[in-house]
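Pasting data.cif here (mmCIF, N, CA and C atoms):
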```
data_start
#
loop_
_atom_site.label_atom_id
_atom_site.label_comp_id
_atom_site.auth_asym_id
_atom_site.auth_seq_id
_atom_site.Cartn_x
_atom_site.Cartn_y
_atom_site.Cartn_z
N MET A 1 -20.35 -13.64 10.97
CA MET A 1 -19.20 -12.79 10.69
C MET A 1 -18.10 -13.64 10.06
N ALA A 2 -17.39 -13.03 9.12
CA ALA A 2 -16.32 -13.73 8.41
C ALA A 2 -15.16 -14.02 9.34
N GLU A 3 -14.56 -15.16 9.10
CA GLU A 3 -13.38 -15.50 9.87
C GLU A 3 -12.16 -15.33 8.99
N ILE A 4 -11.20 -14.55 9.47
CA ILE A 4 -9.94 -14.39 8.74
C ILE A 4 -9.06 -15.56 9.15
N ILE A 5 -8.63 -16.32 8.16
CA ILE A 5 -7.82 -17.50 8.42
C ILE A 5 -6.36 -17.13 8.62
N ASN A 6 -5.87 -16.16 7.82
CA ASN A 6 -4.46 -15.79 7.87
C ASN A 6 -4.29 -14.39 7.28
N ILE A 7 -3.36 -13.61 7.84
CA ILE A 7 -2.99 -12.33 7.26
C ILE A 7 -1.50 -12.38 6.98
N THR A 8 -1.11 -12.09 5.74
CA THR A 8 0.29 -12.14 5.35
C THR A 8 0.95 -10.77 5.55
N PRO A 9 2.29 -10.68 5.48
CA PRO A 9 2.96 -9.39 5.70
C PRO A 9 2.52 -8.29 4.76
N ASP A 10 2.04 -8.64 3.56
CA ASP A 10 1.58 -7.59 2.64
C ASP A 10 0.10 -7.28 2.82
N ALA A 11 -0.49 -7.78 3.91
CA ALA A 11 -1.87 -7.52 4.33
C ALA A 11 -2.93 -8.25 3.51
N ASP A 12 -2.50 -9.18 2.66
CA ASP A 12 -3.49 -10.04 2.01
C ASP A 12 -4.12 -10.91 3.09
N ALA A 13 -5.41 -11.10 3.00
CA ALA A 13 -6.12 -11.91 4.00
C ALA A 13 -6.73 -13.13 3.32
N GLU A 14 -6.56 -14.25 3.95
CA GLU A 14 -7.23 -15.47 3.51
C GLU A 14 -8.48 -15.59 4.37
N ILE A 15 -9.65 -15.64 3.73
CA ILE A 15 -10.90 -15.69 4.49
C ILE A 15 -11.62 -17.01 4.25
N ASP A 16 -12.58 -17.27 5.07
CA ASP A 16 -13.38 -18.48 5.00
C ASP A 16 -14.01 -18.59 3.60
N PRO A 17 -13.78 -19.70 2.88
CA PRO A 17 -14.34 -19.85 1.53
C PRO A 17 -15.87 -19.74 1.49
N ASP A 18 -16.55 -20.10 2.57
CA ASP A 18 -18.01 -19.97 2.60
C ASP A 18 -18.45 -18.53 2.43
N LEU A 19 -17.65 -17.60 2.93
CA LEU A 19 -17.98 -16.18 2.80
C LEU A 19 -17.95 -15.75 1.34
N ILE A 20 -16.98 -16.25 0.61
CA ILE A 20 -16.87 -15.91 -0.82
C ILE A 20 -18.10 -16.39 -1.57
N GLU A 21 -18.56 -17.59 -1.24
CA GLU A 21 -19.74 -18.17 -1.90
C GLU A 21 -20.99 -17.32 -1.70
N THR A 22 -21.09 -16.65 -0.56
CA THR A 22 -22.31 -15.92 -0.23
C THR A 22 -22.18 -14.40 -0.39
N PHE A 23 -21.04 -13.96 -0.92
CA PHE A 23 -20.80 -12.52 -1.05
C PHE A 23 -21.69 -11.94 -2.15
N ASN A 24 -22.33 -10.83 -1.88
CA ASN A 24 -23.15 -10.12 -2.85
C ASN A 24 -22.46 -8.83 -3.24
N THR A 25 -22.11 -8.72 -4.51
CA THR A 25 -21.46 -7.51 -5.01
C THR A 25 -22.48 -6.37 -5.03
N PRO A 26 -22.10 -5.20 -4.51
CA PRO A 26 -23.04 -4.06 -4.56
C PRO A 26 -23.29 -3.65 -6.00
N LEU A 27 -24.46 -3.11 -6.24
CA LEU A 27 -24.84 -2.68 -7.59
C LEU A 27 -24.49 -1.21 -7.81
N CYS A 28 -24.15 -0.88 -9.04
CA CYS A 28 -23.88 0.51 -9.41
C CYS A 28 -25.17 1.31 -9.26
N PRO A 29 -25.11 2.43 -8.54
CA PRO A 29 -26.32 3.22 -8.35
C PRO A 29 -26.83 3.87 -9.65
N ASP A 30 -25.98 3.97 -10.67
CA ASP A 30 -26.39 4.60 -11.93
C ASP A 30 -26.99 3.61 -12.92
N CYS A 31 -26.31 2.46 -13.13
CA CYS A 31 -26.76 1.55 -14.18
C CYS A 31 -27.27 0.21 -13.67
N GLY A 32 -27.06 -0.08 -12.37
CA GLY A 32 -27.54 -1.33 -11.80
C GLY A 32 -26.63 -2.53 -12.02
N SER A 33 -25.49 -2.33 -12.69
CA SER A 33 -24.56 -3.43 -12.96
C SER A 33 -23.86 -3.86 -11.67
N ASP A 34 -23.49 -5.14 -11.60
CA ASP A 34 -22.68 -5.61 -10.46
C ASP A 34 -21.20 -5.65 -10.83
N LEU A 35 -20.83 -5.06 -11.96
CA LEU A 35 -19.44 -5.01 -12.40
C LEU A 35 -18.84 -3.65 -12.06
N LEU A 36 -18.46 -3.49 -10.80
CA LEU A 36 -17.89 -2.22 -10.34
C LEU A 36 -16.37 -2.28 -10.40
N LYS A 37 -15.77 -1.20 -10.83
CA LYS A 37 -14.31 -1.09 -10.82
C LYS A 37 -13.96 0.26 -10.21
N PRO A 38 -13.45 0.26 -9.00
CA PRO A 38 -13.08 1.53 -8.36
C PRO A 38 -11.87 2.15 -9.06
N GLN A 39 -11.55 3.37 -8.69
CA GLN A 39 -10.41 4.05 -9.29
C GLN A 39 -9.13 3.59 -8.62
N VAL A 40 -8.84 2.31 -8.77
CA VAL A 40 -7.60 1.72 -8.29
C VAL A 40 -7.01 0.91 -9.43
N VAL A 41 -5.74 0.57 -9.30
CA VAL A 41 -5.09 -0.27 -10.29
C VAL A 41 -4.97 -1.66 -9.69
N PHE A 42 -5.57 -2.62 -10.34
CA PHE A 42 -5.51 -3.99 -9.85
C PHE A 42 -4.19 -4.63 -10.24
N PHE A 43 -3.80 -5.66 -9.50
CA PHE A 43 -2.55 -6.37 -9.76
C PHE A 43 -2.48 -6.79 -11.23
N GLY A 44 -1.39 -6.48 -11.87
CA GLY A 44 -1.19 -6.86 -13.26
C GLY A 44 -1.58 -5.77 -14.25
N ALA A 45 -2.32 -4.77 -13.80
CA ALA A 45 -2.73 -3.67 -14.69
C ALA A 45 -1.67 -2.56 -14.64
N ASN A 46 -1.72 -1.67 -15.61
CA ASN A 46 -0.77 -0.57 -15.67
C ASN A 46 -1.32 0.69 -15.00
N VAL A 47 -0.44 1.42 -14.35
CA VAL A 47 -0.79 2.72 -13.78
C VAL A 47 -0.71 3.73 -14.93
N ALA A 48 -1.70 4.61 -15.01
CA ALA A 48 -1.71 5.63 -16.05
C ALA A 48 -0.43 6.47 -15.98
N GLN A 49 0.17 6.73 -17.13
CA GLN A 49 1.45 7.44 -17.19
C GLN A 49 1.39 8.82 -16.54
N GLU A 50 0.26 9.52 -16.68
CA GLU A 50 0.17 10.85 -16.05
C GLU A 50 0.20 10.75 -14.53
N LYS A 51 -0.33 9.67 -13.97
CA LYS A 51 -0.28 9.47 -12.52
C LYS A 51 1.15 9.15 -12.07
N VAL A 52 1.85 8.36 -12.87
CA VAL A 52 3.25 8.03 -12.56
C VAL A 52 4.09 9.31 -12.55
N GLN A 53 3.94 10.14 -13.57
CA GLN A 53 4.71 11.38 -13.65
C GLN A 53 4.37 12.33 -12.50
N HIS A 54 3.10 12.38 -12.12
CA HIS A 54 2.67 13.18 -10.98
C HIS A 54 3.38 12.72 -9.70
N CYS A 55 3.47 11.41 -9.52
CA CYS A 55 4.13 10.86 -8.32
C CYS A 55 5.62 11.16 -8.33
N TYR A 56 6.26 11.06 -9.49
CA TYR A 56 7.68 11.40 -9.57
C TYR A 56 7.90 12.87 -9.23
N LYS A 57 7.00 13.75 -9.65
CA LYS A 57 7.13 15.18 -9.34
C LYS A 57 6.98 15.40 -7.83
N LYS A 58 6.00 14.74 -7.22
CA LYS A 58 5.82 14.86 -5.77
C LYS A 58 7.05 14.33 -5.03
N LEU A 59 7.61 13.23 -5.53
CA LEU A 59 8.81 12.67 -4.92
C LEU A 59 9.99 13.63 -5.05
N GLU A 60 10.11 14.27 -6.19
CA GLU A 60 11.18 15.24 -6.40
C GLU A 60 11.07 16.39 -5.40
N ASP A 61 9.85 16.81 -5.07
CA ASP A 61 9.63 17.91 -4.14
C ASP A 61 9.80 17.51 -2.68
N ALA A 62 9.81 16.21 -2.39
CA ALA A 62 9.87 15.72 -1.00
C ALA A 62 11.31 15.62 -0.52
N ASP A 63 11.49 15.73 0.80
CA ASP A 63 12.83 15.50 1.33
C ASP A 63 12.96 14.15 2.03
N ARG A 64 11.82 13.47 2.21
CA ARG A 64 11.85 12.12 2.79
C ARG A 64 10.59 11.37 2.35
N VAL A 65 10.61 10.04 2.55
CA VAL A 65 9.53 9.19 2.10
C VAL A 65 9.14 8.23 3.22
N LEU A 66 7.83 8.07 3.42
CA LEU A 66 7.29 7.08 4.35
C LEU A 66 6.47 6.08 3.55
N VAL A 67 6.80 4.81 3.68
CA VAL A 67 6.00 3.74 3.08
C VAL A 67 5.34 3.00 4.24
N ALA A 68 4.01 2.99 4.24
CA ALA A 68 3.26 2.36 5.33
C ALA A 68 2.40 1.23 4.79
N GLY A 69 2.61 0.03 5.32
CA GLY A 69 1.75 -1.10 5.00
C GLY A 69 1.92 -1.68 3.61
N SER A 70 3.13 -1.71 3.10
CA SER A 70 3.37 -2.29 1.78
C SER A 70 4.62 -3.15 1.81
N SER A 71 4.54 -4.30 1.17
CA SER A 71 5.72 -5.15 1.03
C SER A 71 6.60 -4.67 -0.12
N LEU A 72 6.06 -3.76 -0.94
CA LEU A 72 6.76 -3.21 -2.10
C LEU A 72 7.13 -4.28 -3.12
N GLN A 73 6.35 -5.31 -3.19
CA GLN A 73 6.65 -6.40 -4.12
C GLN A 73 6.34 -6.06 -5.56
N VAL A 74 5.45 -5.10 -5.79
CA VAL A 74 5.15 -4.73 -7.17
C VAL A 74 5.94 -3.48 -7.55
N MET A 75 6.37 -3.46 -8.79
CA MET A 75 7.24 -2.38 -9.26
C MET A 75 6.54 -1.03 -9.25
N SER A 76 5.21 -1.02 -9.37
CA SER A 76 4.49 0.25 -9.43
C SER A 76 4.74 1.12 -8.20
N GLY A 77 5.00 0.53 -7.06
CA GLY A 77 5.35 1.29 -5.86
C GLY A 77 6.85 1.31 -5.61
N TYR A 78 7.49 0.18 -5.85
CA TYR A 78 8.91 0.04 -5.56
C TYR A 78 9.76 1.01 -6.37
N ARG A 79 9.34 1.33 -7.60
CA ARG A 79 10.14 2.23 -8.45
C ARG A 79 10.32 3.60 -7.80
N PHE A 80 9.31 4.04 -7.03
CA PHE A 80 9.43 5.35 -6.38
C PHE A 80 10.43 5.28 -5.22
N LEU A 81 10.48 4.14 -4.56
CA LEU A 81 11.45 3.98 -3.49
C LEU A 81 12.87 3.91 -4.06
N LEU A 82 13.02 3.24 -5.19
CA LEU A 82 14.33 3.21 -5.85
C LEU A 82 14.79 4.62 -6.22
N GLU A 83 13.86 5.42 -6.72
CA GLU A 83 14.20 6.80 -7.07
C GLU A 83 14.55 7.61 -5.82
N ALA A 84 13.82 7.40 -4.75
CA ALA A 84 14.12 8.08 -3.49
C ALA A 84 15.52 7.70 -3.01
N GLY A 85 15.87 6.44 -3.13
CA GLY A 85 17.21 6.00 -2.75
C GLY A 85 18.28 6.60 -3.65
N ARG A 86 18.00 6.63 -4.95
CA ARG A 86 18.96 7.17 -5.91
C ARG A 86 19.23 8.65 -5.65
N THR A 87 18.23 9.38 -5.16
CA THR A 87 18.37 10.81 -4.90
C THR A 87 18.65 11.12 -3.42
N ASN A 88 19.04 10.08 -2.68
CA ASN A 88 19.48 10.22 -1.28
C ASN A 88 18.43 10.81 -0.35
N LYS A 89 17.18 10.46 -0.56
CA LYS A 89 16.13 10.90 0.35
C LYS A 89 16.06 9.94 1.53
N GLN A 90 15.71 10.46 2.70
CA GLN A 90 15.51 9.58 3.85
C GLN A 90 14.26 8.74 3.61
N ILE A 91 14.34 7.45 3.96
CA ILE A 91 13.24 6.52 3.73
C ILE A 91 12.90 5.83 5.03
N ALA A 92 11.61 5.87 5.39
CA ALA A 92 11.12 5.15 6.57
C ALA A 92 10.09 4.12 6.08
N LEU A 93 10.20 2.90 6.60
CA LEU A 93 9.28 1.83 6.25
C LEU A 93 8.54 1.37 7.49
N LEU A 94 7.22 1.22 7.37
CA LEU A 94 6.37 0.73 8.45
C LEU A 94 5.58 -0.44 7.89
N ASN A 95 5.87 -1.65 8.37
CA ASN A 95 5.20 -2.84 7.85
C ASN A 95 5.35 -3.96 8.87
N ILE A 96 4.43 -4.94 8.81
CA ILE A 96 4.51 -6.04 9.78
C ILE A 96 5.48 -7.13 9.37
N GLY A 97 6.06 -7.03 8.22
CA GLY A 97 7.02 -8.03 7.76
C GLY A 97 8.08 -7.37 6.90
N PRO A 98 8.95 -8.19 6.33
CA PRO A 98 10.00 -7.64 5.48
C PRO A 98 9.42 -7.00 4.22
N THR A 99 10.16 -6.06 3.67
CA THR A 99 9.75 -5.42 2.41
C THR A 99 10.89 -5.52 1.42
N ARG A 100 10.55 -5.31 0.19
CA ARG A 100 11.55 -5.33 -0.88
C ARG A 100 12.51 -4.15 -0.75
N GLY A 101 12.12 -3.12 -0.01
CA GLY A 101 12.95 -1.93 0.11
C GLY A 101 13.72 -1.82 1.42
N ASP A 102 13.76 -2.88 2.21
CA ASP A 102 14.44 -2.81 3.51
C ASP A 102 15.88 -2.29 3.40
N HIS A 103 16.57 -2.68 2.35
CA HIS A 103 17.98 -2.27 2.19
C HIS A 103 18.13 -0.77 1.92
N LEU A 104 17.05 -0.09 1.56
CA LEU A 104 17.11 1.34 1.28
C LEU A 104 16.69 2.20 2.47
N ALA A 105 16.13 1.58 3.49
CA ALA A 105 15.51 2.32 4.58
C ALA A 105 16.51 2.93 5.55
N SER A 106 16.24 4.17 5.93
CA SER A 106 16.95 4.81 7.04
C SER A 106 16.36 4.33 8.35
N VAL A 107 15.05 4.10 8.33
CA VAL A 107 14.31 3.65 9.52
C VAL A 107 13.37 2.53 9.09
N LYS A 108 13.32 1.45 9.86
CA LYS A 108 12.38 0.35 9.59
C LYS A 108 11.64 0.06 10.89
N ILE A 109 10.31 0.17 10.85
CA ILE A 109 9.48 -0.10 12.01
C ILE A 109 8.62 -1.32 11.69
N SER A 110 8.77 -2.37 12.50
CA SER A 110 7.96 -3.58 12.31
C SER A 110 6.76 -3.48 13.23
N ALA A 111 5.63 -3.10 12.66
CA ALA A 111 4.39 -2.94 13.43
C ALA A 111 3.22 -2.90 12.46
N ARG A 112 2.03 -3.13 12.98
CA ARG A 112 0.81 -2.98 12.19
C ARG A 112 0.50 -1.49 12.07
N CYS A 113 0.19 -1.04 10.87
CA CYS A 113 -0.04 0.39 10.63
C CYS A 113 -1.12 0.97 11.53
N GLY A 114 -2.28 0.30 11.61
CA GLY A 114 -3.37 0.82 12.41
C GLY A 114 -2.99 1.01 13.86
N GLU A 115 -2.33 0.01 14.42
CA GLU A 115 -1.90 0.09 15.82
C GLU A 115 -0.85 1.18 16.00
N PHE A 116 0.09 1.27 15.07
CA PHE A 116 1.15 2.26 15.17
C PHE A 116 0.58 3.68 15.13
N PHE A 117 -0.26 3.96 14.13
CA PHE A 117 -0.79 5.32 13.98
C PHE A 117 -1.76 5.68 15.10
N GLU A 118 -2.51 4.70 15.60
CA GLU A 118 -3.40 4.97 16.73
C GLU A 118 -2.59 5.37 17.96
N ARG A 119 -1.53 4.62 18.22
CA ARG A 119 -0.68 4.94 19.37
C ARG A 119 0.02 6.29 19.17
N TYR A 120 0.49 6.53 17.96
CA TYR A 120 1.12 7.81 17.68
C TYR A 120 0.16 8.96 17.91
N ALA A 121 -1.06 8.82 17.44
CA ALA A 121 -2.07 9.87 17.62
C ALA A 121 -2.37 10.07 19.08
N ASP A 122 -2.52 8.98 19.84
CA ASP A 122 -2.80 9.08 21.27
C ASP A 122 -1.69 9.83 22.01
N GLU A 123 -0.45 9.60 21.60
CA GLU A 123 0.69 10.20 22.30
C GLU A 123 1.04 11.61 21.81
N ASN A 124 0.61 11.95 20.59
CA ASN A 124 1.08 13.20 20.00
C ASN A 124 0.02 14.20 19.61
N LEU A 125 -1.23 13.82 19.63
CA LEU A 125 -2.27 14.75 19.20
C LEU A 125 -3.14 15.18 20.35
#
```
Spit out the file's structure as C-alpha cells when you get a sec.
Amino acid sequence: MAEIINITPDADAEIDPDLIETFNTPLCPDCGSDLLKPQVVFFGANVAQEKVQHCYKKLEDADRVLVAGSSLQVMSGYRFLLEAGRTNKQIALLNIGPTRGDHLASVKISARCGEFFERYADENL
C-alpha cells in the first residue's frame, strides 16, 4: 500500500516515489490507449468559456456560497468567490488551512471536508 508522506492544505499529497515508478495507467476501453484525459481542467489549462458563464449564472441565482476543500489559489475558482463578495453573498469556507478567500468569508471552518461532512451527516440525517 502507498504511503502518503505529506498532505498540504490544498489537499495535494506527496507519495512514496516508488509508487510512481510502479503505477500502471488504466487503458481506454475504446481504443486501448494509456493516454486518458478525464473531463477536468488540469493546472495551467483554460476552463471552457461556456462553463465559466454557466457558473456565473448559477452564482447569480444563489444567495450564498460554500467552498469546500480548496485553497482558492487558482483564479479559475477564486474569481467566483470575488464575484460573490462583490455582490454581497454570504460565503462559507471549509478547508484544513488558510485560503486565498479568507478575507471574504462570513464563516470559516478549519476542518477536513470528509470528517466534517461525515459528522454533519451523522448528526443531521
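Listed by chain and then by rising number, the residues of chain A that DSSP assigns to strand (DSSP E) from the backbone are Ile4, Ile5, Asn6, Ile7, Ala13, Glu14, Ile15, Arg64, Val65, Leu66, Val67, Ala68, Gln90, Ile91, Ala92, Leu93, Leu94, Asn95, Val107, Lys108, Ile109 and Ser110 of chain A.
Closest approach to Ser76 of chain A among A:Asn124, A:Gln53, A:Thr22, A:Ser110 is made by A:Gln53 (distances from only C-alpha atoms).
Applied to the file shown here, the PyMOL selection byres ((chain A and resi 98) around 8) selects the residues Pro9, Asp10, Ser70, Ser71, Leu72, Asn95, Ile96, Gly97, Thr99, Arg100, Gly101, Asp102 and Ser110 of chain A.
For the atom pair formed by atom CA of Cys28 of chain A and atom C of Val40 of chain A, the distance is 16.9 Å, given to one decimal.
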Determine, counting only C-alpha atoms, which protein, DNA and RNA residues have an atom within 9 Å of an atom of Ala84 of chain A; residues of the same chain fewer than 4 positions away are not included. Present the result as a PDB file with N, CA and C atoms, in the coordinates of the input.
```pdb
ATOM      1  N   LEU A  59       7.610  13.230  -5.530  1.00  0.00           N
ATOM      2  CA  LEU A  59       8.810  12.670  -4.920  1.00  0.00           C
ATOM      3  C   LEU A  59       9.990  13.630  -5.050  1.00  0.00           C
ATOM      4  N   GLU A  60      10.110  14.270  -6.190  1.00  0.00           N
ATOM      5  CA  GLU A  60      11.180  15.240  -6.400  1.00  0.00           C
ATOM      6  C   GLU A  60      11.070  16.390  -5.400  1.00  0.00           C
ATOM      7  N   ASP A  63      11.490  15.730   0.800  1.00  0.00           N
ATOM      8  CA  ASP A  63      12.830  15.500   1.330  1.00  0.00           C
ATOM      9  C   ASP A  63      12.960  14.150   2.030  1.00  0.00           C
ATOM     10  N   ARG A  64      11.820  13.470   2.210  1.00  0.00           N
ATOM     11  CA  ARG A  64      11.850  12.120   2.790  1.00  0.00           C
ATOM     12  C   ARG A  64      10.590  11.370   2.350  1.00  0.00           C
ATOM     13  N   VAL A  65      10.610  10.040   2.550  1.00  0.00           N
ATOM     14  CA  VAL A  65       9.530   9.190   2.100  1.00  0.00           C
ATOM     15  C   VAL A  65       9.140   8.230   3.220  1.00  0.00           C
ATOM     16  N   ARG A  79       9.340   1.330  -7.600  1.00  0.00           N
ATOM     17  CA  ARG A  79      10.140   2.230  -8.450  1.00  0.00           C
ATOM     18  C   ARG A  79      10.320   3.600  -7.800  1.00  0.00           C
ATOM     19  N   PHE A  80       9.310   4.040  -7.030  1.00  0.00           N
ATOM     20  CA  PHE A  80       9.430   5.350  -6.380  1.00  0.00           C
ATOM     21  C   PHE A  80      10.430   5.280  -5.220  1.00  0.00           C
ATOM     22  N   ASN A  88      19.040  10.080  -2.680  1.00  0.00           N
ATOM     23  CA  ASN A  88      19.480  10.220  -1.280  1.00  0.00           C
ATOM     24  C   ASN A  88      18.430  10.810  -0.350  1.00  0.00           C
ATOM     25  N   LYS A  89      17.180  10.460  -0.560  1.00  0.00           N
ATOM     26  CA  LYS A  89      16.130  10.900   0.350  1.00  0.00           C
ATOM     27  C   LYS A  89      16.060   9.940   1.530  1.00  0.00           C
ATOM     28  N   GLN A  90      15.710  10.460   2.700  1.00  0.00           N
ATOM     29  CA  GLN A  90      15.510   9.580   3.850  1.00  0.00           C
ATOM     30  C   GLN A  90      14.260   8.740   3.610  1.00  0.00           C
ATOM     31  N   ILE A  91      14.340   7.450   3.960  1.00  0.00           N
ATOM     32  CA  ILE A  91      13.240   6.520   3.730  1.00  0.00           C
ATOM     33  C   ILE A  91      12.900   5.830   5.030  1.00  0.00           C
ATOM     34  N   LEU A 104      17.050  -0.090   1.560  1.00  0.00           N
ATOM     35  CA  LEU A 104      17.110   1.340   1.280  1.00  0.00           C
ATOM     36  C   LEU A 104      16.690   2.200   2.470  1.00  0.00           C
TER      37      LEU A 104
END
```
Original post:
Which one of A:Gln39, A:Asp18, A:Leu82, A:Ala92 sits closest to Ala105 of chain A if you count only N, CA and C atoms?
Top reply: A:Ala92
**OP:** Go through A:Lys57, A:Pro26, A:Val74, A:Val67 one by one, measure the shortest atom-to-atom distance of each to Gly44 of chain A using only C-alpha atoms, and give the residue with the smallest value.
**Re:** A:Val74
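Comparing A:Ala121, A:Ala62, A:Val52, A:Val107 by their smallest distance to Leu94 of chain A, the closest is A:Val107 (using only C-alpha atoms).
When atom CA of Phe116 of chain A is paired with atom CA of Ile7 of chain A, their separation reads 17.1 Å.
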**OP:** Assign secondary structure with DSSP using the backbone only, and return the residues of segment 1-105 of chain A in alpha helix (DSSP H) as a PyMOL selection string.
**Re:** chain A and resi 17-22+49-61+75-86
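Of the listed residues (A:Arg86, A:Val47, A:Pro29, A:Leu93), A:Leu93 comes nearest to Leu66 of chain A; the distances count all atoms listed in the file.
From atom CA of Leu19 of chain A back to atom C of Asp34 of chain A, the distance works out to 17.5 Å.
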